[in-house]
Amino acid sequence: MKTPAKAPLFLLLVAGLPLLAQAHPGHAGGLMHGLEHPVRGLDHICAMLAIGLWAAQQNGKARWMLPGAFVAVMALGGFAGAAGLALPGVEAGIAASVLILGLLIALAVRLPLLSALPLLGLFAIFHGHAHGAEMAAGSSALAYGAGFLAMTAMLHCAGFVAAGLLQRHGQEVTLRRAGLVIAACGVFLAF
């Protein structure tokens, strides 16, 4: 029975569709706005789910270290963005992260941890900076940051669980196809 294995990925994609139409309007501060920011744009949804999907394809400690390190470094990027520090190429870096993560999933690439961590760290800086820079003036950086970091971790977990279910049901091909869809979104975001 192969159909149920596709259900988690399908539900994740369908659940995010209404949010795509709202991609990146102005943001107010606080915990709730921090929670909603990562799910308001195609770029963030794709990248955060992709990290969970890719982590599930890894072996050993990389399965938890990759998403954990991403969230930690993303906090640093968020601080830099909230502090108004300039970072050139943020949008291009985010689009590239979506494309590259999608390809890593599609090709089931297992990089050594010493290569994967800096790559994800770079992506995390871009994503974190975008979150921090879009925080409304006068809002609580701590509450907003806690919100976007928590939602990021939840999206990582959703991707990880979806990939695990697909793998458990022999649907590695579906997982790889999801990577191709994510890579295509990266190309779309670049233009």
# chains A, B, ... in the order shown; residues from 1 in each chain; ligands from 1
call {"tool": "residues_around", "arguments": {"residues": "A:Ala133", "least_positions_apart": "4", "cutoff": "8 Å", "atoms": "only C-alpha atoms", "output": "PyMOL selection string"}}
result
chain A and resi 78+80-84+129
call {"tool": "write_last_selection", "arguments": {"atoms": "C-alpha atoms", "output": "tab-separated table (two decimals), in the first residue's frame"}}
result
chain	number	residue	atom	x	y	z
A	78	GLY	CA	18.37	37.07	12.98
A	80	ALA	CA	22.35	40.71	12.74
A	81	GLY	CA	19.25	41.53	10.69
A	82	ALA	CA	17.40	43.00	13.68
A	83	ALA	CA	20.49	45.09	14.53
A	84	GLY	CA	20.40	46.55	11.02
A	129	HIS	CA	18.97	37.89	8.53
call {"tool": "residues_around", "arguments": {"residues": "stretch 53-62 of chain A", "least_positions_apart": "5", "cutoff": "8 Å", "atoms": "only C-alpha atoms", "output": "list in words"}}
result
Pro67, Leu101, Leu104, Ile105, Ala108, Arg110, Leu113, His156, Gly159, Phe160, Val161, Ala162, Ala163, Gly164 and Leu175 of chain A
call {"tool": "closest_residue", "arguments": {"among": "A:Ile182, A:Ala141, A:Val173, A:Leu120", "to": "A:Ala95", "atoms": "only C-alpha atoms"}}
result
A:Ile182
call {"tool": "residues_around", "arguments": {"residues": "A:Pro38", "least_positions_apart": "3", "cutoff": "9 Å", "atoms": "only C-alpha atoms", "output": "PyMOL selection string"}}
result
chain A and resi 34-35+41-45+48+131+148-149+151-152+155
call {"tool": "residues_around", "arguments": {"residues": "A:Ser140", "least_positions_apart": "2", "cutoff": "7 Å", "atoms": "only C-alpha atoms", "output": "PyMOL selection string"}}
result
chain A and resi 29-30+138+142-144
